[in-house]
Each structure stands twice: as structure tokens, then as C-alpha cells.
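Structure file model-v7.cif (mmCIF, C-alpha atoms and all ligand atoms) is printed below.
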data_model
#
loop_
_atom_site.label_atom_id
_atom_site.label_comp_id
_atom_site.auth_asym_id
_atom_site.auth_seq_id
_atom_site.Cartn_x
_atom_site.Cartn_y
_atom_site.Cartn_z
CA MET A 1 1.34 -30.38 18.56
CA ASN A 2 -1.91 -29.95 20.49
CA GLU A 3 -3.99 -26.77 20.60
CA SER A 4 -2.67 -25.46 23.90
CA ALA A 5 0.96 -25.93 22.76
CA LEU A 6 0.13 -24.12 19.50
CA ARG A 7 -1.43 -21.25 21.47
CA GLU A 8 1.77 -20.93 23.52
CA GLU A 9 3.85 -21.04 20.34
CA ILE A 10 1.87 -18.15 18.77
CA VAL A 11 2.53 -16.10 21.92
CA ARG A 12 6.25 -17.00 21.93
CA PHE A 13 6.85 -16.18 18.26
CA GLY A 14 4.68 -13.04 18.46
CA ARG A 15 6.79 -11.71 21.34
CA SER A 16 10.02 -12.59 19.52
CA LEU A 17 8.93 -10.79 16.31
CA PHE A 18 7.75 -7.73 18.25
CA ASP A 19 10.84 -7.52 20.49
CA ARG A 20 13.12 -7.53 17.45
CA GLY A 21 11.21 -4.70 15.76
CA LEU A 22 9.79 -6.87 12.97
CA THR A 23 6.32 -5.51 13.60
CA ALA A 24 5.19 -2.42 15.49
CA GLY A 25 2.19 -1.29 17.54
CA SER A 26 -0.83 -3.50 16.90
CA THR A 27 0.19 -4.41 13.34
CA GLY A 28 0.80 -7.91 12.07
CA ASN A 29 -1.08 -11.12 12.71
CA ILE A 30 -0.33 -14.82 13.11
CA SER A 31 -2.56 -17.85 12.48
CA VAL A 32 -2.29 -21.63 12.88
CA ARG A 33 -4.42 -24.41 11.38
CA LEU A 34 -6.15 -26.76 13.85
CA ASP A 35 -8.04 -30.03 13.36
CA ASP A 36 -11.32 -28.22 14.12
CA GLY A 37 -10.76 -24.71 12.73
CA TRP A 38 -7.94 -22.22 13.13
CA LEU A 39 -6.41 -19.77 15.59
CA LEU A 40 -5.74 -16.11 14.76
CA THR A 41 -4.38 -13.21 16.78
CA PRO A 42 -7.14 -10.79 17.88
CA THR A 43 -7.96 -7.40 16.39
CA ASN A 44 -5.90 -4.51 17.82
CA ALA A 45 -3.66 -6.96 19.69
CA CYS A 46 0.05 -6.24 20.06
CA LEU A 47 2.09 -9.28 19.01
CA GLY A 48 4.47 -8.54 21.89
CA ASN A 49 1.81 -9.09 24.52
CA LEU A 50 -0.62 -11.83 23.47
CA ASP A 51 -2.73 -13.91 25.85
CA PRO A 52 -2.93 -17.58 24.77
CA ALA A 53 -6.46 -17.94 26.20
CA ARG A 54 -7.81 -14.93 24.26
CA LEU A 55 -6.63 -15.87 20.75
CA ALA A 56 -9.53 -15.92 18.27
CA LYS A 57 -10.62 -19.45 17.31
CA LEU A 58 -12.54 -19.56 14.02
CA ASP A 59 -14.25 -22.11 11.81
CA TRP A 60 -13.66 -22.34 8.06
CA GLN A 61 -16.66 -20.12 7.32
CA GLY A 62 -14.91 -17.37 9.31
CA ARG A 63 -17.31 -17.64 12.27
CA SER A 64 -15.99 -17.12 15.78
CA ILE A 65 -15.83 -20.23 18.00
CA SER A 66 -14.15 -18.64 21.01
CA GLY A 67 -11.77 -15.92 22.14
CA ASP A 68 -11.52 -12.22 21.29
CA ALA A 69 -12.69 -10.75 17.96
CA PRO A 70 -10.24 -11.80 15.22
CA SER A 71 -7.91 -9.51 13.30
CA LYS A 72 -9.69 -7.60 10.53
CA GLU A 73 -7.12 -9.16 8.20
CA ALA A 74 -8.54 -12.67 8.82
CA PHE A 75 -9.58 -12.90 5.17
CA LEU A 76 -5.93 -12.68 4.03
CA HIS A 77 -5.20 -15.84 6.01
CA ARG A 78 -8.34 -17.66 4.93
CA SER A 79 -7.66 -16.96 1.26
CA LEU A 80 -4.22 -18.56 1.54
CA TYR A 81 -5.38 -21.56 3.63
CA GLU A 82 -8.16 -22.33 1.17
CA GLU A 83 -5.70 -22.62 -1.70
CA ARG A 84 -2.86 -24.27 0.24
CA GLN A 85 -3.91 -27.42 2.06
CA ASP A 86 -0.27 -27.95 3.14
CA ALA A 87 -0.16 -24.61 4.98
CA GLY A 88 -0.08 -25.17 8.74
CA ALA A 89 0.50 -21.54 9.72
CA ILE A 90 0.60 -18.01 8.28
CA VAL A 91 2.47 -14.87 9.33
CA HIS A 92 1.54 -11.39 8.09
CA LEU A 93 3.73 -8.44 9.10
CA HIS A 94 4.24 -4.80 8.16
CA SER A 95 8.00 -5.39 8.54
CA THR A 96 9.96 -2.30 7.48
CA HIS A 97 12.17 -3.53 4.65
CA SER A 98 9.57 -5.77 3.02
CA ALA A 99 7.01 -2.96 3.30
CA ALA A 100 9.54 -0.54 1.76
CA VAL A 101 10.03 -2.84 -1.24
CA SER A 102 6.22 -3.15 -1.55
CA CYS A 103 6.05 0.63 -2.15
CA MET A 104 8.65 0.71 -4.95
CA SER A 105 7.71 1.30 -8.57
CA GLY A 106 9.12 -0.75 -11.44
CA LEU A 107 9.03 -4.09 -9.61
CA ASP A 108 8.59 -7.36 -11.50
CA HIS A 109 5.07 -8.23 -10.31
CA ALA A 110 5.67 -11.95 -10.91
CA ASN A 111 8.76 -11.99 -8.70
CA CYS A 112 9.59 -8.77 -6.90
CA LEU A 113 12.85 -9.77 -5.16
CA PRO A 114 15.90 -11.17 -6.96
CA PRO A 115 17.38 -14.54 -5.89
CA LEU A 116 20.22 -12.93 -3.92
CA THR A 117 20.85 -15.95 -1.67
CA ALA A 118 20.19 -19.68 -1.77
CA TYR A 119 18.21 -19.38 1.47
CA PHE A 120 15.72 -16.96 -0.07
CA VAL A 121 15.24 -19.35 -3.02
CA MET A 122 14.76 -22.30 -0.67
CA LYS A 123 12.36 -20.62 1.75
CA ILE A 124 10.37 -18.26 -0.53
CA SER A 125 11.22 -19.24 -4.13
CA ARG A 126 9.32 -16.58 -6.06
CA LEU A 127 7.53 -13.64 -4.48
CA PRO A 128 4.64 -12.13 -6.50
CA LEU A 129 3.35 -8.63 -5.80
CA VAL A 130 -0.39 -8.32 -5.12
CA PRO A 131 -1.75 -4.95 -6.36
CA TYR A 132 -2.85 -2.34 -3.81
CA TYR A 133 -6.35 -2.59 -2.33
CA ARG A 134 -7.75 -0.54 0.53
CA PRO A 135 -7.74 -2.28 3.95
CA GLY A 136 -10.63 -4.73 4.21
CA ASP A 137 -11.44 -4.78 0.47
CA PRO A 138 -12.69 -8.35 -0.29
CA ALA A 139 -11.06 -8.04 -3.74
CA LEU A 140 -7.72 -8.38 -1.96
CA GLY A 141 -8.71 -11.86 -0.78
CA VAL A 142 -9.63 -12.82 -4.35
CA ALA A 143 -6.29 -11.51 -5.65
CA ILE A 144 -4.38 -13.52 -3.03
CA LYS A 145 -6.35 -16.66 -3.85
CA GLY A 146 -5.36 -16.31 -7.49
CA LEU A 147 -1.67 -16.49 -6.56
CA ALA A 148 -1.68 -18.75 -3.50
CA GLY A 149 -1.96 -22.01 -5.45
CA LYS A 150 1.51 -21.48 -6.87
CA HIS A 151 3.13 -19.39 -4.14
CA SER A 152 3.62 -19.96 -0.41
CA ALA A 153 4.27 -16.23 0.08
CA VAL A 154 3.00 -12.99 -1.48
CA LEU A 155 3.87 -9.32 -1.00
CA LEU A 156 0.94 -6.91 -0.75
CA ALA A 157 1.69 -3.59 -2.48
CA ASN A 158 2.07 -0.62 -0.10
CA HIS A 159 1.49 -2.99 2.81
CA GLY A 160 3.65 -6.05 3.60
CA PRO A 161 4.22 -9.81 3.24
CA VAL A 162 1.85 -12.75 3.86
CA VAL A 163 3.84 -15.97 4.32
CA SER A 164 2.65 -19.54 4.86
CA GLY A 165 4.59 -22.53 6.14
CA SER A 166 4.06 -26.17 7.03
CA SER A 167 4.42 -25.14 10.70
CA LEU A 168 4.44 -21.83 12.57
CA GLU A 169 8.21 -22.10 12.97
CA ALA A 170 8.62 -22.59 9.19
CA ALA A 171 6.33 -19.63 8.42
CA VAL A 172 8.19 -17.35 10.87
CA TYR A 173 11.61 -18.32 9.55
CA ALA A 174 10.49 -17.82 5.93
CA THR A 175 9.10 -14.38 6.86
CA GLU A 176 12.42 -13.46 8.44
CA GLU A 177 14.34 -14.68 5.37
CA LEU A 178 12.08 -12.52 3.19
CA GLU A 179 12.68 -9.49 5.42
CA GLU A 180 16.47 -10.00 5.36
CA THR A 181 16.45 -10.36 1.57
CA ALA A 182 14.39 -7.16 1.25
CA LYS A 183 17.02 -5.46 3.44
CA LEU A 184 19.85 -6.74 1.21
CA PHE A 185 17.95 -5.67 -1.90
CA LEU A 186 17.61 -2.12 -0.55
CA LEU A 187 21.25 -2.01 0.63
CA LEU A 188 22.41 -3.08 -2.83
CA ARG A 189 20.16 -0.81 -4.89
CA ASN A 190 23.01 1.27 -6.28
CA THR A 191 25.53 -1.57 -6.44
CA ALA A 192 26.12 -4.01 -9.29
CA THR A 193 25.09 -7.42 -7.91
CA SER A 194 25.26 -11.06 -8.99
CA PRO A 195 22.04 -12.83 -8.04
CA LEU A 196 21.97 -16.62 -8.40
CA ASN A 197 21.77 -17.62 -12.06
CA ASN A 198 19.31 -20.09 -13.59
CA ALA A 199 21.73 -23.03 -13.34
CA GLN A 200 22.31 -22.34 -9.65
CA ILE A 201 18.56 -22.10 -9.02
CA GLU A 202 17.94 -25.34 -10.95
CA GLU A 203 20.59 -27.06 -8.82
CA LEU A 204 18.79 -25.94 -5.64
CA LYS A 205 15.45 -27.16 -7.03
CA THR A 206 16.95 -30.59 -7.74
CA VAL A 207 19.02 -31.08 -4.59
CA PHE A 208 16.41 -29.74 -2.17
CA LYS A 209 13.37 -31.02 -4.14
CA LEU A 210 11.83 -27.55 -4.44
CA ASP A 211 8.57 -27.32 -6.31
CA PHE A 212 8.16 -23.98 -8.07
ZN ZN B 1 -1.56 -5.77 7.26
#
Translate the structure described by the file into C-alpha cells.
Amino acid sequence: MNESALREEIVRFGRSLFDRGLTAGSTGNISVRLDDGWLLTPTNACLGNLDPARLAKLDWQGRSISGDAPSKEAFLHRSLYEERQDAGAIVHLHSTHSAAVSCMSGLDHANCLPPLTAYFVMKISRLPLVPYYRPGDPALGVAIKGLAGKHSAVLLANHGPVVSGSSLEAAVYATEELEETAKLFLLLRNTATSPLNNAQIEELKTVFKLDF
């Protein structure tokens, strides 16, 4: 896909996520890897109303090439791209159910959502929790880097998910799967549940060639 088609795709998915209430106000940001840098949604932009010509284009040192000023959360994206050469796109949202889970105490920090469905296992696998850091703290980027080699997605405590994918479509769909699983997890909090067992997860890993 060429750069102008990728710009249009960011706008299309941004509008879709915003219209369905998956991110509110000017929160959330989307990025896509290019041959000569990367595209990121601008600072204070509403994902429901993006302009393809004004997306921030950056180089791998984080310098602006063109477009509006990038999201202040650019470093979250860069940290993940640097560790995951297969990542073609990244979605970061403050989606309600995932953000709610990120505020809970007593989570397993290595894997904070249970394998409730096969689709969650296939799209996210394991979801580590990154400890809380204030917005803009460079230590958050370091913490993400430490986990990104092994995980395509992470959940930032008291904040929300950061999800990579081979394409923007893959990253968006994985983000939505994570949000739906967080919703199920919250719905089932006071109900005895049967998550997938180890044998069922191993079967998925074998049949679908999952690497985690
Ligand atoms: Zn954020």
C-alpha cells in the first residue's frame, strides 16, 4: 500500500473507532510504518475528524518531516517499533473497558487478562501490564521497550492499551478484540468462568503457528 492509501486508511479507521465510542475527545493515536519514516496522528487531533494531508510524518530519530506536530505519545509508538521490526502499524486508545481493567489492583502483571476466547489468544496472546508513569515520562518508553520484544500488545496501568499489528487493519482488529475481552472480563467478575486451559492454548499455538 502506498503512502497516500495509508493516509486514507488512518483517517478511515480513526473515524470508525471514534464513531463507535472506542476513543473519546482528542485521546488515542494511530501510526503506520513507511519505507522512509512513519506516520502518526497529530497532537490534540480527534480521531473522528483527521485530515490525511496533515498527519505527522516523522523519521526514526523522532524528527518531523512534514505535517502537523505529532501526538505527545509518539514515544510509545517508537519504543514498540524499535523492538518489533514486523510491526507495520500501532493503535493506542483510552478505550473504556481496557482502561478500566488497567486501573484494577491484583492483576497478574505478566498477563492481565485471562484467555477467555480463542480469538483473544490468537490476536493478543499474553497482555503484560506496564506500571504507571506520568504522561510524557521517558521511563514509560523504556518500560515498553523491555516488554515489546516478546509482546505485540501491552496495557499501560491507569491509561490504556498499545497494540501493534503487521498492518493497520490487523492492529485495529487486535485492539478491538482486546477491548471486547476486557468487557467480558468485567462482565464476568463475579461469575465462575472457564477460561481456555493449557491444552486448548497449546492446540491454538500449534494449529495457527502462534509464537508466544
Ligand atoms: Zn494515551
Test item: residues lying within 8 Å of ligand ZN 1 (chain B) with all atoms listed in the file, as an MDAnalysis selection string: chainID A and resid 27:29 73 92:94 135 159:160
Protein and nucleic acid residues near (18.5, -15.1, -9.9) (cut-off 10 Å, only C-alpha atoms) as a list in words: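 Output of the proximity query reads Leu113, Pro114, Pro115, Leu116, Thr117, Ala118, Val121, Ser194, Pro195, Leu196, Asn197, Asn198, Ala199, Gln200 and Ile201 of chain A.
Nearest to Lys57 (chain A) of all the residues A:Glu179, A:Glu9, A:Asp35, A:Asp137 is A:Asp35, counting all atoms listed in the file.
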Using all atoms listed in the file: which of A:Gln61, A:Ser26, A:Thr191, A:Ser125 has the shortest distance to Ala153 (chain A): A:Ser125
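Between Val32 (chain A) and the residues A:Met104, A:Ala45, A:Met1, A:Ala69, the shortest atom-to-atom distance, using only C-alpha atoms, involves A:Met1.
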Who sits within 10 Å of Leu210 (chain A), all atoms listed in the file, same chain under 2 positions skipped, as a PyMOL selection string: chain A and resi 121-123+125+201-208+212
Within 6 Å of (9.2, -12.1, -3.4) (file coordinates; all atoms listed in the file), which protein or nucleic acid residues are there? I'd like them as a PDB file with C-alpha atoms, in the coordinates of the input.
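The result, written out as point10.pdb:
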ATOM      1  CA  ASN A 111       8.760 -11.990  -8.700  1.00  0.00           C
ATOM      2  CA  CYS A 112       9.590  -8.770  -6.900  1.00  0.00           C
ATOM      3  CA  LEU A 113      12.850  -9.770  -5.160  1.00  0.00           C
ATOM      4  CA  ARG A 126       9.320 -16.580  -6.060  1.00  0.00           C
ATOM      5  CA  LEU A 127       7.530 -13.640  -4.480  1.00  0.00           C
ATOM      6  CA  PRO A 128       4.640 -12.130  -6.500  1.00  0.00           C
TER       7      PRO A 128
END
Neighbour list for Gly67 (chain A) as a list in words, cut-off 8 Å, all atoms listed in the file, skip fewer than 3 positions in-chain: Ala53, Arg54, Leu55, Ala56, Lys57 and Ser64 of chain A
Just write the chosen residues, C-alpha atoms, as a short mmCIF file (atom, residue, chain, number, x, y, z; two decimals), keeping the file's coordinate frame.
data_model
loop_
_atom_site.label_atom_id
_atom_site.label_comp_id
_atom_site.auth_asym_id
_atom_site.auth_seq_id
_atom_site.Cartn_x
_atom_site.Cartn_y
_atom_site.Cartn_z
CA ALA A 53 -6.46 -17.94 26.20
CA ARG A 54 -7.81 -14.93 24.26
CA LEU A 55 -6.63 -15.87 20.75
CA ALA A 56 -9.53 -15.92 18.27
CA LYS A 57 -10.62 -19.45 17.31
CA SER A 64 -15.99 -17.12 15.78
#
Spatial neighbours of Ala148 (chain A), 8 Å, only C-alpha atoms, chain gap at least 4 places, as a PyMOL selection string: chain A and resi 79-80+83-84+144+152-154
Contacts of Glu82 (chain A) at 9 Å (all atoms listed in the file; same-chain gap of 4+ positions) as number ranges by chain: A: 60, 77-78, 145, 148
Print the selection's residues with C-alpha atoms to a file, as an mmCIF file, in the coordinates of the input.
data_model
loop_
_atom_site.group_PDB
_atom_site.id
_atom_site.type_symbol
_atom_site.label_atom_id
_atom_site.label_comp_id
_atom_site.auth_asym_id
_atom_site.auth_seq_id
_atom_site.Cartn_x
_atom_site.Cartn_y
_atom_site.Cartn_z
ATOM 1 C CA TRP A 60 -13.660 -22.340 8.060
ATOM 2 C CA HIS A 77 -5.200 -15.840 6.010
ATOM 3 C CA ARG A 78 -8.340 -17.660 4.930
ATOM 4 C CA LYS A 145 -6.350 -16.660 -3.850
ATOM 5 C CA ALA A 148 -1.680 -18.750 -3.500
#
Proximity to Ser16 (chain A) - best of A:Ala170, A:Leu156, A:Leu47, A:Leu34, only C-alpha atoms: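 Counting only C-alpha atoms, the residue closest to Ser16 (chain A) is A:Leu47.
Relative to CA of Ser166 (chain A), CA of Asp108 (chain A) is found at 26.8 Å.
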Between CA of Glu180 (chain A) and CA of Pro70 (chain A) - distance in Å to one decimal: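 CA of Glu180 (chain A) lies at a distance of 28.5 Å from CA of Pro70 (chain A).
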Top pick for closest residue to Leu107 (chain A), considering A:Phe120, A:Phe185, A:Ser167, A:Arg33 and counting only C-alpha atoms: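 The answer is A:Phe185, which sits nearest to Leu107 (chain A).
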Selection: 8 Å around Asn49 (chain A), only C-alpha atoms, excl. self and same-chain fewer than 3 positions, as an MDAnalysis selection string: chainID A and resid 11 14:15 45:46
Distance of CA of Leu76 (chain A) from CA of Val162 (chain A), expressed in Å to one decimal place: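 Pair CA of Val162 (chain A) / CA of Leu76 (chain A) returns 7.8 Å.
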